[in-house]
>>> print(open('query14.txt').read())   # compact mmCIF, C-alpha atoms
# COMPACT_ATOMS: atom_id res chain seq x y z
CA MET A 1 -5.41 -50.78 -3.83
CA ILE A 2 -3.42 -47.52 -3.97
CA ILE A 3 -6.49 -45.58 -2.82
CA LYS A 4 -6.82 -47.84 0.23
CA ILE A 5 -3.15 -47.33 1.10
CA LEU A 6 -3.49 -43.54 0.72
CA VAL A 7 -6.61 -43.49 2.89
CA ALA A 8 -4.81 -45.57 5.55
CA VAL A 9 -1.77 -43.24 5.47
CA VAL A 10 -3.94 -40.10 5.70
CA ALA A 11 -5.95 -41.66 8.56
CA ALA A 12 -2.74 -42.62 10.41
CA LEU A 13 -1.34 -39.11 9.97
CA GLY A 14 -4.62 -37.63 11.20
CA ILE A 15 -4.57 -39.82 14.31
CA LEU A 16 -0.92 -38.92 14.94
CA ALA A 17 -1.63 -35.19 14.52
CA ALA A 18 -4.61 -35.45 16.89
CA TYR A 19 -2.46 -37.26 19.46
CA ILE A 20 0.31 -34.64 19.23
CA ALA A 21 -2.23 -31.79 19.49
CA SER A 22 -3.67 -33.39 22.64
CA ARG A 23 -0.28 -33.23 24.44
CA PRO A 24 0.13 -30.56 27.16
CA SER A 25 0.57 -27.02 25.84
CA THR A 26 3.11 -26.20 28.56
CA PHE A 27 6.11 -28.01 30.01
CA ARG A 28 8.17 -27.89 33.19
CA VAL A 29 11.50 -29.50 34.02
CA GLU A 30 12.79 -29.19 37.58
CA ARG A 31 15.66 -30.54 39.64
CA SER A 32 16.79 -29.71 43.16
CA ALA A 33 19.92 -30.39 45.21
CA VAL A 34 21.42 -29.34 48.52
CA LEU A 35 24.79 -27.73 47.84
CA PRO A 36 27.44 -27.83 50.59
CA ALA A 37 27.90 -24.04 50.67
CA PRO A 38 26.10 -21.06 52.22
CA LEU A 39 23.64 -18.86 50.29
CA GLU A 40 26.16 -16.03 50.23
CA LYS A 41 28.59 -18.13 48.16
CA VAL A 42 26.01 -19.72 45.84
CA PHE A 43 23.92 -16.68 44.86
CA PRO A 44 26.71 -14.63 43.19
CA LEU A 45 27.60 -17.61 40.96
CA ILE A 46 24.03 -17.62 39.62
CA ASN A 47 23.38 -13.87 39.55
CA ASP A 48 26.50 -13.06 37.47
CA LEU A 49 26.10 -14.73 34.06
CA ARG A 50 29.86 -14.40 33.41
CA LEU A 51 30.45 -16.85 36.26
CA TRP A 52 28.25 -19.53 34.63
CA GLU A 53 31.24 -20.56 32.50
CA GLY A 54 32.70 -22.11 35.66
CA TRP A 55 29.74 -24.42 36.34
CA SER A 56 27.22 -24.51 33.46
CA PRO A 57 26.81 -28.00 31.98
CA TRP A 58 26.69 -26.46 28.50
CA ALA A 59 30.06 -24.68 28.77
CA LYS A 60 31.93 -27.98 28.32
CA LEU A 61 29.85 -29.05 25.31
CA ASP A 62 31.49 -26.34 23.20
CA PRO A 63 34.50 -24.64 24.80
CA GLU A 64 34.84 -22.58 21.59
CA GLN A 65 31.33 -21.10 21.68
CA LYS A 66 31.12 -17.34 21.25
CA LEU A 67 29.68 -15.52 24.29
CA THR A 68 28.58 -11.88 24.17
CA TYR A 69 27.70 -10.16 27.45
CA ALA A 70 25.48 -7.07 27.68
CA GLY A 71 23.90 -4.93 30.37
CA PRO A 72 25.04 -4.74 33.97
CA ALA A 73 27.67 -7.18 35.27
CA ALA A 74 25.07 -8.97 37.40
CA GLY A 75 21.40 -8.90 38.30
CA ILE A 76 18.37 -7.58 36.43
CA GLY A 77 19.10 -6.72 32.80
CA SER A 78 22.34 -8.71 32.65
CA SER A 79 22.43 -10.92 29.55
CA VAL A 80 24.60 -13.28 27.59
CA ALA A 81 24.13 -14.40 23.99
CA TRP A 82 25.80 -17.59 22.82
CA GLU A 83 26.55 -19.15 19.47
CA GLY A 84 28.18 -22.52 19.25
CA ASN A 85 28.23 -25.97 17.74
CA SER A 86 25.18 -28.18 17.19
CA LYS A 87 25.25 -29.31 20.83
CA VAL A 88 24.68 -25.80 22.24
CA GLY A 89 23.07 -23.95 19.32
CA ALA A 90 22.44 -20.23 19.65
CA GLY A 91 20.38 -18.13 22.00
CA ARG A 92 20.30 -15.55 24.75
CA MET A 93 19.70 -15.49 28.52
CA THR A 94 18.55 -12.33 30.29
CA ILE A 95 18.02 -11.94 34.03
CA LEU A 96 14.45 -10.72 34.59
CA GLU A 97 14.31 -10.86 38.38
CA SER A 98 16.96 -11.07 41.06
CA ARG A 99 16.22 -11.34 44.77
CA PRO A 100 19.49 -11.64 46.73
CA ASN A 101 20.09 -15.10 48.20
CA GLU A 102 16.57 -16.15 47.14
CA LEU A 103 15.84 -16.22 43.36
CA VAL A 104 17.21 -15.52 39.90
CA ARG A 105 14.61 -15.62 37.09
CA ILE A 106 15.91 -15.81 33.54
CA LYS A 107 14.33 -15.34 30.13
CA LEU A 108 15.73 -17.98 27.78
CA GLU A 109 15.54 -17.32 24.05
CA PHE A 110 16.63 -20.11 21.74
CA PHE A 111 17.43 -19.29 18.11
CA LYS A 112 19.14 -22.50 16.87
CA PRO A 113 18.50 -25.33 16.28
CA PHE A 114 14.88 -24.50 17.21
CA LYS A 115 13.29 -21.20 18.15
CA GLY A 116 11.62 -20.89 21.50
CA THR A 117 11.26 -18.65 24.53
CA HIS A 118 11.08 -20.09 28.04
CA THR A 119 11.67 -19.07 31.64
CA ALA A 120 14.19 -20.55 34.06
CA ASP A 121 14.15 -20.07 37.82
CA LEU A 122 16.99 -20.81 40.19
CA SER A 123 15.60 -20.55 43.71
CA LEU A 124 17.68 -20.82 46.86
CA THR A 125 16.67 -21.75 50.40
CA PRO A 126 18.93 -22.24 53.41
CA GLU A 127 19.08 -25.79 54.68
CA ALA A 128 21.12 -27.65 57.26
CA GLY A 129 24.52 -28.25 55.75
CA GLY A 130 24.16 -25.79 52.89
CA THR A 131 21.79 -24.32 50.36
CA ARG A 132 18.95 -26.00 48.49
CA VAL A 133 18.94 -24.85 44.88
CA THR A 134 15.93 -25.66 42.71
CA TRP A 135 16.50 -25.18 38.98
CA SER A 136 13.38 -25.18 36.83
CA MET A 137 12.58 -24.33 33.24
CA TYR A 138 9.03 -23.90 32.01
CA GLY A 139 7.00 -22.37 29.23
CA PRO A 140 4.70 -22.95 26.30
CA GLN A 141 5.10 -26.02 24.13
CA SER A 142 4.52 -25.49 20.40
CA PHE A 143 3.27 -28.20 18.05
CA ILE A 144 6.90 -28.90 17.11
CA GLY A 145 7.78 -29.07 20.82
CA LYS A 146 4.91 -31.47 21.42
CA THR A 147 6.12 -33.60 18.51
CA MET A 148 9.68 -33.64 19.89
CA SER A 149 8.38 -34.67 23.31
CA CYS A 150 6.90 -37.79 21.70
CA ILE A 151 10.36 -38.75 20.45
CA VAL A 152 12.75 -37.38 23.10
CA ASP A 153 12.20 -37.40 26.85
CA CYS A 154 12.86 -33.69 27.45
CA ASP A 155 12.53 -34.07 31.23
CA LYS A 156 15.24 -36.72 31.25
CA MET A 157 17.49 -34.82 28.82
CA MET A 158 17.19 -31.36 30.42
CA GLY A 159 16.88 -32.80 33.91
CA GLY A 160 20.19 -34.59 33.47
CA ALA A 161 21.83 -31.33 32.41
CA PHE A 162 20.30 -29.55 35.42
CA GLU A 163 21.59 -32.28 37.76
CA GLN A 164 25.10 -31.94 36.31
CA GLY A 165 24.87 -28.15 36.56
CA LEU A 166 23.79 -28.29 40.20
CA SER A 167 26.68 -30.62 41.00
CA ASN A 168 29.12 -28.28 39.21
CA LEU A 169 27.58 -25.27 40.99
CA GLY A 170 28.08 -26.95 44.36
CA ALA A 171 31.75 -27.58 43.61
CA ALA A 172 32.25 -24.00 42.37
CA ALA A 173 30.51 -22.59 45.46
CA GLN A 174 32.77 -24.59 47.77
CA ARG A 175 35.84 -23.07 46.03
CA ALA A 176 34.43 -19.53 45.95
CA PRO A 177 35.48 -17.00 48.60
CA LEU A 178 32.82 -15.44 50.81
CA PRO A 179 31.71 -12.11 49.32
CA GLN A 180 32.94 -8.99 51.12
>>> encode(input="query14.txt", output="structure tokens")
Amino acid sequence: MIIKILVAVVAALGILAAYIASRPSTFRVERSAVLPAPLEKVFPLINDLRLWEGWSPWAKLDPEQKLTYAGPAAGIGSSVAWEGNSKVGAGRMTILESRPNELVRIKLEFFKPFKGTHTADLSLTPEAGGTRVTWSMYGPQSFIGKTMSCIVDCDKMMGGAFEQGLSNLGAAAQRAPLPQ
């Protein structure tokens, strides 16, 4: 009887492992919104990582998190490392590409609670009444990531944070002065 139970458990684990392994090896989460502000007011808020504190959805999850800035104040090479509570974990963002009023591409490195490296793009296009900002994150999905995606809807979780961030960014851009 015990042998039959063990065989059934091993078979179930094998089927589960095969299912997880068959999941996509990459992921992409993307949200877009039209912000009621011109490109010239939105872009600086994205391109200067120090200004993210005013609109990032993660800033409010741990107001006591430690932020360490490095590199130039804005643009390519600018980075921020964070370390906070269990809601924000630890990691680093570095701007890889910056095209004024068009795109900011960021390398995201997560250290806690899980390790991972992904890319985030914030692309801007002018639109009647403001600026369309599309925020996407994409990258490889490890076996652990594939397992997590079976339990947690990452698109819904991250997408919700992106939606909140875009809303916050729109409000911050409306308050921001036009750059000189």
>>> closest_residue(input="query14.txt", among="A:Val29, A:Ala8, A:Val42, A:Ala73", to="Ala172 (chain A)", atoms="only C-alpha atoms")
A:Val42
>>> atom_distance(input="query14.txt", atom1="CA of Gly75 (chain A)", atom2="CA of Ser98 (chain A)")
5.7 Å
>>> residues_around(input="query14.txt", residues="Lys156 (chain A)", least_positions_apart="6", cutoff="12 Å", atoms="only C-alpha atoms", output="list in words")
Arg28, Val29, Glu30, Arg31, Ser149, Phe162 and Glu163 of chain A
>>> residues_around(input="query14.txt", residues="Gly170 (chain A)", least_positions_apart="2", cutoff="9 Å", atoms="all atoms listed in the file", output="list in words")
Ala33, Val34, Leu35, Pro36, Ala37, Val42, Trp55, Gly165, Leu166, Ser167, Asn168, Ala172, Ala173, Gln174 and Arg175 of chain A
>>> closest_atom_pairs(input="query14.txt", of="region 41-90 of chain A", to="region 125-137 of chain A", cutoff="12 Å", atoms="all atoms listed in the file", output="JSON lines")
{"residue": "A:Lys41", "atom": "CA", "partner": "A:Thr131", "partner_atom": "CA", "distance": 9.5}
{"residue": "A:Val42", "atom": "CA", "partner": "A:Thr131", "partner_atom": "CA", "distance": 7.7}
{"residue": "A:Phe43", "atom": "CA", "partner": "A:Val133", "partner_atom": "CA", "distance": 9.6}
{"residue": "A:Leu45", "atom": "CA", "partner": "A:Val133", "partner_atom": "CA", "distance": 11.9}
{"residue": "A:Ile46", "atom": "CA", "partner": "A:Val133", "partner_atom": "CA", "distance": 10.3}
>>> residues_near_point(input="query14.txt", point="(28.2, -20.6, 16.9)", cutoff="12 Å", atoms="only C-alpha atoms", output="list in words")
Asp62, Pro63, Glu64, Gln65, Lys66, Leu67, Thr68, Ala81, Trp82, Glu83, Gly84, Asn85, Ser86, Lys87, Val88, Gly89, Ala90, Gly91, Phe111, Lys112 and Pro113 of chain A
>>> write_last_selection(input="query14.txt", atoms="C-alpha atoms", output="PDB file, in the coordinates of the input")
ATOM      1  CA  ASP A  62      31.490 -26.340  23.200  1.00  0.00           C
ATOM      2  CA  PRO A  63      34.500 -24.640  24.800  1.00  0.00           C
ATOM      3  CA  GLU A  64      34.840 -22.580  21.590  1.00  0.00           C
ATOM      4  CA  GLN A  65      31.330 -21.100  21.680  1.00  0.00           C
ATOM      5  CA  LYS A  66      31.120 -17.340  21.250  1.00  0.00           C
ATOM      6  CA  LEU A  67      29.680 -15.520  24.290  1.00  0.00           C
ATOM      7  CA  THR A  68      28.580 -11.880  24.170  1.00  0.00           C
ATOM      8  CA  ALA A  81      24.130 -14.400  23.990  1.00  0.00           C
ATOM      9  CA  TRP A  82      25.800 -17.590  22.820  1.00  0.00           C
ATOM     10  CA  GLU A  83      26.550 -19.150  19.470  1.00  0.00           C
ATOM     11  CA  GLY A  84      28.180 -22.520  19.250  1.00  0.00           C
ATOM     12  CA  ASN A  85      28.230 -25.970  17.740  1.00  0.00           C
ATOM     13  CA  SER A  86      25.180 -28.180  17.190  1.00  0.00           C
ATOM     14  CA  LYS A  87      25.250 -29.310  20.830  1.00  0.00           C
ATOM     15  CA  VAL A  88      24.680 -25.800  22.240  1.00  0.00           C
ATOM     16  CA  GLY A  89      23.070 -23.950  19.320  1.00  0.00           C
ATOM     17  CA  ALA A  90      22.440 -20.230  19.650  1.00  0.00           C
ATOM     18  CA  GLY A  91      20.380 -18.130  22.000  1.00  0.00           C
ATOM     19  CA  PHE A 111      17.430 -19.290  18.110  1.00  0.00           C
ATOM     20  CA  LYS A 112      19.140 -22.500  16.870  1.00  0.00           C
ATOM     21  CA  PRO A 113      18.500 -25.330  16.280  1.00  0.00           C
TER      22      PRO A 113
END
>>> closest_residue(input="query14.txt", among="A:Glu40, A:Arg92, A:Ala74, A:Ser32", to="Gly160 (chain A)", atoms="all atoms listed in the file")
A:Ser32
>>> atom_distance(input="query14.txt", atom1="CA of Thr94 (chain A)", atom2="CA of Ile76 (chain A)")
7.8 Å
>>> closest_residue(input="query14.txt", among="A:Thr117, A:Ala70, A:Val10, A:Gln164", to="Ser142 (chain A)", atoms="all atoms listed in the file")
A:Thr117
>>> closest_residue(input="query14.txt", among="A:Cys154, A:Ile2, A:Val9, A:Leu39", to="Ser123 (chain A)", atoms="all atoms listed in the file")
A:Leu39
>>> atom_distance(input="query14.txt", atom1="CA of Pro38 (chain A)", atom2="CA of Leu103 (chain A)")
14.4 Å
>>> closest_residue(input="query14.txt", among="A:Ile3, A:Leu49, A:Leu169, A:Leu61", to="Val104 (chain A)", atoms="all atoms listed in the file")
A:Leu49
>>> axis_aligned_box(input="query14.txt", around="region 75-82 of chain A", padding_each_side="5 Å", output="lines of an AutoDock Vina configuration file")
center_x = 22.1
center_y = -12.2
center_z = 30.6
size_x = 17.4
size_y = 20.9
size_z = 25.5
